[in-house]
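Participant: For reference, this is protein_2.csv, and it has CSV, C-alpha atoms.
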```csv
chain,number,residue,atom,x,y,z
A,1,MET,CA,-10.6,22.5,-11.5
A,2,ALA,CA,-9.1,19.3,-10.2
A,3,ALA,CA,-6.1,19.2,-7.9
A,4,HIS,CA,-2.8,17.7,-8.9
A,5,TRP,CA,-2.2,14.1,-7.8
A,6,GLN,CA,0.8,15.1,-5.7
A,7,ASN,CA,-1.6,17.2,-3.5
A,8,SER,CA,-3.9,14.3,-2.9
A,9,PRO,CA,-2.7,13.5,0.7
A,10,GLU,CA,-3.7,17.0,1.6
A,11,LEU,CA,-7.1,16.6,0.0
A,12,PHE,CA,-7.6,13.4,2.0
A,13,ALA,CA,-6.5,15.1,5.2
A,14,LEU,CA,-9.0,17.9,4.6
A,15,ALA,CA,-11.8,15.4,4.1
A,16,LEU,CA,-10.8,13.7,7.4
A,17,ARG,CA,-10.8,17.0,9.2
A,18,ARG,CA,-14.3,17.8,7.8
A,19,HIS,CA,-15.3,14.5,9.4
A,20,GLY,CA,-13.8,15.6,12.8
A,21,LEU,CA,-10.7,13.4,12.5
A,22,ASP,CA,-7.0,14.1,12.9
A,23,PRO,CA,-5.2,12.1,10.2
A,24,ASP,CA,-2.5,11.1,12.7
A,25,ALA,CA,-4.9,10.0,15.4
A,26,ILE,CA,-8.0,8.4,13.8
A,27,ASP,CA,-10.4,7.3,16.5
A,28,ASP,CA,-13.4,6.3,14.4
A,29,VAL,CA,-13.1,3.9,11.4
A,30,ALA,CA,-16.7,4.6,10.1
A,31,ARG,CA,-16.0,8.4,9.9
A,32,ALA,CA,-12.6,7.7,8.3
A,33,TRP,CA,-14.5,5.5,5.7
A,34,SER,CA,-16.9,8.4,5.1
A,35,ALA,CA,-14.0,10.7,4.5
A,36,PHE,CA,-12.3,8.2,2.2
A,37,GLN,CA,-15.6,7.9,0.2
A,38,GLU,CA,-15.5,11.7,-0.2
A,39,PHE,CA,-11.8,11.7,-1.1
A,40,VAL,CA,-12.0,9.1,-3.9
A,41,GLN,CA,-14.8,11.1,-5.6
A,42,VAL,CA,-12.4,14.1,-6.0
A,43,PRO,CA,-11.0,14.4,-9.5
A,44,VAL,CA,-7.2,14.8,-9.8
A,45,ASP,CA,-4.9,15.9,-12.6
A,46,GLY,CA,-1.7,14.3,-13.9
A,47,ILE,CA,-3.0,10.8,-14.1
A,48,GLU,CA,-3.9,8.3,-16.8
A,49,PRO,CA,-7.5,8.3,-17.9
A,50,ALA,CA,-10.1,6.1,-16.2
A,51,GLU,CA,-10.3,3.7,-19.1
A,52,ASP,CA,-6.6,3.0,-18.6
A,53,ASP,CA,-7.0,2.3,-14.8
A,54,GLY,CA,-5.6,5.7,-13.9
A,55,ASP,CA,-7.5,6.1,-10.7
A,56,GLY,CA,-8.5,3.2,-8.4
A,57,PHE,CA,-9.0,2.3,-4.8
A,58,ILE,CA,-8.9,-0.7,-2.5
A,59,VAL,CA,-9.4,-1.6,1.2
A,60,GLN,CA,-6.8,-4.0,2.7
A,61,TRP,CA,-6.4,-5.7,6.0
A,62,GLY,CA,-3.8,-7.9,7.6
A,63,ARG,CA,-0.5,-8.0,9.4
A,64,TRP,CA,2.7,-7.1,7.6
A,65,GLY,CA,6.3,-7.2,8.5
A,66,TRP,CA,6.9,-3.6,7.6
A,67,ASN,CA,4.5,-2.5,10.4
A,68,ASP,CA,5.8,-5.0,13.1
A,69,ASP,CA,2.9,-7.4,12.3
A,70,ARG,CA,0.4,-5.1,13.9
A,71,PRO,CA,-3.2,-5.7,12.8
A,72,ALA,CA,-4.0,-3.0,10.2
A,73,LEU,CA,-6.8,-1.8,8.0
A,74,VAL,CA,-5.7,0.4,5.0
A,75,PHE,CA,-7.8,2.6,2.7
A,76,THR,CA,-5.8,3.2,-0.5
A,77,ARG,CA,-6.3,5.3,-3.6
A,78,GLN,CA,-3.9,4.5,-6.4
A,79,PHE,CA,-3.0,6.7,-9.4
A,80,ALA,CA,-1.2,5.7,-12.6
A,81,VAL,CA,0.8,8.9,-13.1
A,82,ARG,CA,1.4,10.0,-16.6
A,83,ASP,CA,4.1,12.6,-15.8
A,84,GLU,CA,6.3,10.0,-14.0
A,85,GLY,CA,7.8,6.9,-15.4
A,86,ASP,CA,10.6,5.6,-17.6
A,87,GLN,CA,9.7,6.8,-21.0
A,88,ASP,CA,12.8,7.3,-23.2
A,89,ASP,CA,10.8,7.0,-26.5
A,90,GLU,CA,7.3,8.4,-26.8
A,91,ASP,CA,6.5,5.5,-29.1
A,92,ASP,CA,7.7,2.8,-26.7
A,93,GLU,CA,4.9,0.3,-26.7
A,94,PHE,CA,6.1,-1.2,-23.3
A,95,TRP,CA,6.1,2.1,-21.4
A,96,GLN,CA,4.2,2.0,-18.1
A,97,PRO,CA,3.2,4.9,-15.9
A,98,GLN,CA,4.4,5.0,-12.3
A,99,ARG,CA,1.8,4.0,-9.7
A,100,TRP,CA,1.5,6.1,-6.6
A,101,GLU,CA,-0.7,5.5,-3.6
A,102,VAL,CA,-2.4,7.6,-1.0
A,103,GLU,CA,-2.8,5.4,2.0
A,104,LEU,CA,-4.6,5.8,5.3
A,105,GLU,CA,-3.2,3.1,7.6
A,106,LEU,CA,-5.2,2.3,10.7
A,107,PHE,CA,-3.3,0.1,13.2
A,108,PHE,CA,-5.0,-1.8,16.0
A,109,ALA,CA,-4.0,-3.4,19.3
A,110,ASP,CA,-4.2,-7.2,19.2
A,111,SER,CA,-7.6,-8.6,19.9
A,112,PRO,CA,-9.1,-12.1,19.9
A,113,ALA,CA,-11.7,-10.7,17.4
A,114,TRP,CA,-9.1,-10.6,14.7
A,115,ALA,CA,-6.5,-13.1,15.9
A,116,ASP,CA,-6.9,-15.2,12.7
A,117,LEU,CA,-6.6,-12.2,10.3
A,118,ASP,CA,-3.8,-13.8,8.4
A,119,ASP,CA,-5.9,-17.0,7.8
A,120,MET,CA,-8.7,-15.2,6.0
A,121,ALA,CA,-9.5,-16.1,2.4
A,122,TRP,CA,-9.5,-12.4,1.4
A,123,ALA,CA,-6.9,-9.8,2.4
A,124,ASP,CA,-8.5,-7.0,0.5
A,125,SER,CA,-11.8,-5.8,-1.1
A,126,ARG,CA,-11.2,-8.1,-4.1
A,127,GLY,CA,-8.6,-6.1,-5.9
A,128,PHE,CA,-8.5,-2.5,-7.0
A,129,ASP,CA,-11.7,-0.9,-8.3
A,130,PHE,CA,-11.3,1.5,-11.2
A,131,ASP,CA,-15.0,2.6,-11.6
A,132,PRO,CA,-15.2,6.2,-12.8
A,133,ILE,CA,-15.9,9.0,-10.3
A,134,GLY,CA,-19.6,9.5,-9.8
A,135,HIS,CA,-22.5,7.2,-9.2
A,136,GLU,CA,-20.5,4.1,-10.5
A,137,ARG,CA,-17.7,4.7,-7.9
A,138,ALA,CA,-20.3,5.3,-5.2
A,139,ALA,CA,-21.9,2.0,-6.0
A,140,ALA,CA,-18.5,0.3,-5.8
A,141,LEU,CA,-17.8,1.8,-2.4
A,142,THR,CA,-21.2,0.5,-1.2
A,143,ARG,CA,-20.3,-3.0,-2.5
A,144,ILE,CA,-17.0,-2.9,-0.6
A,145,ALA,CA,-18.8,-1.8,2.7
A,146,THR,CA,-21.3,-4.6,2.2
A,147,PHE,CA,-18.5,-7.1,1.6
A,148,VAL,CA,-16.6,-6.0,4.7
A,149,GLU,CA,-19.8,-6.7,6.8
A,150,THR,CA,-19.7,-10.3,5.7
A,151,LEU,CA,-16.2,-10.7,7.3
A,152,PRO,CA,-16.4,-11.0,11.1
A,153,GLN,CA,-12.7,-10.1,11.7
A,154,VAL,CA,-12.7,-7.1,9.4
A,155,SER,CA,-16.1,-5.8,10.5
A,156,ALA,CA,-14.8,-6.1,14.1
A,157,MET,CA,-11.9,-3.9,13.2
A,158,TRP,CA,-14.3,-1.4,11.5
A,159,ARG,CA,-16.1,-1.0,14.9
A,160,ALA,CA,-12.9,-0.8,17.0
A,161,ILE,CA,-10.8,2.3,17.8
A,162,PRO,CA,-7.4,2.3,16.1
A,163,ALA,CA,-4.3,2.5,18.3
A,164,SER,CA,-2.6,4.7,15.7
A,165,SER,CA,-2.9,5.9,12.2
A,166,ALA,CA,-0.8,7.3,9.4
A,167,LEU,CA,-1.6,9.1,6.1
A,168,GLY,CA,0.9,9.2,3.3
A,169,LEU,CA,1.8,9.2,-0.3
A,170,GLU,CA,4.2,6.6,-1.7
A,171,ARG,CA,5.2,4.9,-4.9
A,172,ALA,CA,3.6,1.5,-5.3
A,173,ASP,CA,5.9,-1.3,-6.0
```
Rewrite the structure of this file - the entire thing - as structure tokens.
Facilitator:
Amino acid sequence: MAAHWQNSPELFALALRRHGLDPDAIDDVARAWSAFQEFVQVPVDGIEPAEDDGDGFIVQWGRWGWNDDRPALVFTRQFAVRDEGDQDDEDDEFWQPQRWEVELELFFADSPAWADLDDMAWADSRGFDFDPIGHERAAALTRIATFVETLPQVSAMWRAIPASSALGLERAD
């Protein structure tokens, strides 16, 4: 039986703890990535089907105003939630589900290794991946890890110890 999407942060926290990590004090990005790989393979209820992009994931990096421009690496799983959204008429052809995201944000101290993070051609793993859970999703996760290794700034972050971390669930804008 799958867990409900609203419980997904707790599922991710459990995976992090199985990998010896505290969600609020991540000290090893590689182990956090392993926990994320485990987490995105867990089925959840209450979302749109896979063929409608109901469950996807992405890795992002950069500096954003909402986090005081600190260097950050973010592992995100996004759900298109069928039991949330503005649907007045069930036959409304323009109805869209709400999008919710479980994010593990890893924040880093400034370093010359990622000083030009904002100047990179890519700020994420090339968009959300919606491959279905199972071997296809595992292959997509492997492709992302391989892509990250080609980016010196991001791979340096991957090997660094985060200064802080935060795990949460929020509505995507």
Participant: Can you list, as an mmCIF file with C-alpha atoms, in the coordinates of the input, every protein, DNA or RNA residue that comes within 10 Å of stretch 70-74 of chain A when you count all atoms listed in the file, leaving out same-chain residues fewer than 5 positions away?
Facilitator:
```
data_model
loop_
_atom_site.group_PDB
_atom_site.id
_atom_site.type_symbol
_atom_site.label_atom_id
_atom_site.label_comp_id
_atom_site.auth_asym_id
_atom_site.auth_seq_id
_atom_site.Cartn_x
_atom_site.Cartn_y
_atom_site.Cartn_z
ATOM 1 C CA VAL A 29 -13.100 3.900 11.400
ATOM 2 C CA ILE A 58 -8.900 -0.700 -2.500
ATOM 3 C CA VAL A 59 -9.400 -1.600 1.200
ATOM 4 C CA GLN A 60 -6.800 -4.000 2.700
ATOM 5 C CA TRP A 61 -6.400 -5.700 6.000
ATOM 6 C CA GLY A 62 -3.800 -7.900 7.600
ATOM 7 C CA ARG A 63 -0.500 -8.000 9.400
ATOM 8 C CA TRP A 64 2.700 -7.100 7.600
ATOM 9 C CA GLY A 65 6.300 -7.200 8.500
ATOM 10 C CA VAL A 102 -2.400 7.600 -1.000
ATOM 11 C CA GLU A 103 -2.800 5.400 2.000
ATOM 12 C CA LEU A 104 -4.600 5.800 5.300
ATOM 13 C CA GLU A 105 -3.200 3.100 7.600
ATOM 14 C CA LEU A 106 -5.200 2.300 10.700
ATOM 15 C CA PHE A 107 -3.300 0.100 13.200
ATOM 16 C CA PHE A 108 -5.000 -1.800 16.000
ATOM 17 C CA ALA A 109 -4.000 -3.400 19.300
ATOM 18 C CA ASP A 110 -4.200 -7.200 19.200
ATOM 19 C CA SER A 111 -7.600 -8.600 19.900
ATOM 20 C CA TRP A 114 -9.100 -10.600 14.700
ATOM 21 C CA ALA A 115 -6.500 -13.100 15.900
ATOM 22 C CA LEU A 117 -6.600 -12.200 10.300
ATOM 23 C CA ASP A 118 -3.800 -13.800 8.400
ATOM 24 C CA ALA A 123 -6.900 -9.800 2.400
ATOM 25 C CA ASP A 124 -8.500 -7.000 0.500
ATOM 26 C CA VAL A 154 -12.700 -7.100 9.400
ATOM 27 C CA MET A 157 -11.900 -3.900 13.200
ATOM 28 C CA TRP A 158 -14.300 -1.400 11.500
ATOM 29 C CA PRO A 162 -7.400 2.300 16.100
ATOM 30 C CA ALA A 163 -4.300 2.500 18.300
ATOM 31 C CA SER A 164 -2.600 4.700 15.700
ATOM 32 C CA SER A 165 -2.900 5.900 12.200
ATOM 33 C CA ALA A 166 -0.800 7.300 9.400
ATOM 34 C CA LEU A 167 -1.600 9.100 6.100
#
```
Participant: Choose the residue, out of A:Asp173, A:Gly20, A:Pro9, A:Ala50, that has the smallest atom-to-atom separation from A:Pro132; count all atoms listed in the file.
Facilitator: A:Ala50
Participant: Grab the atom CA of A:His4 to atom CA of A:Gly56 distance for me, in Å with one decimal place.
Facilitator: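 So the answer is 15.6 Å.
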Participant: Using all atoms listed in the file, find the one residue out of A:Pro152, A:Ala172, A:Trp5, A:Ala113 that sits nearest to A:Arg82.
Facilitator: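 Once distances to A:Arg82 are computed over all atoms listed in the file, the minimum belongs to A:Trp5.
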Participant: Would you mind telling me which residue in A:Phe79, A:Asn67, A:Phe94, A:Leu141 lies nearest to A:Ala35 when using all atoms listed in the file?
Facilitator: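 Counting all atoms listed in the file, the residue closest to A:Ala35 is A:Leu141.
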Participant: Would you compute the distance between atom CA of A:Val44 and atom CA of A:Ala139? Give it in Å to one decimal.
Facilitator: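 Taking atom CA of A:Val44 and atom CA of A:Ala139, their separation equals 19.9 Å.
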Participant: Between atom CA of A:Arg31 and atom CA of A:Ile161, what is the distance in Å, rounded to a tenth?
Facilitator: 11.3 Å
Participant: Out of A:Arg18, A:Phe57, A:Glu48, A:Gln78, which residue has the shortest atom-to-atom distance to A:Ser125 when counting only C-alpha atoms?
Facilitator: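 Answer, going by the shortest atom-to-atom distance: A:Phe57.
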Participant: Can you tell me, as a PyMOL selection string, which residues sit within 9 Å of (-15.9, 13.2, -13.9) in the file's frame, using only C-alpha atoms?
Facilitator: chain A and resi 41-43+132-134
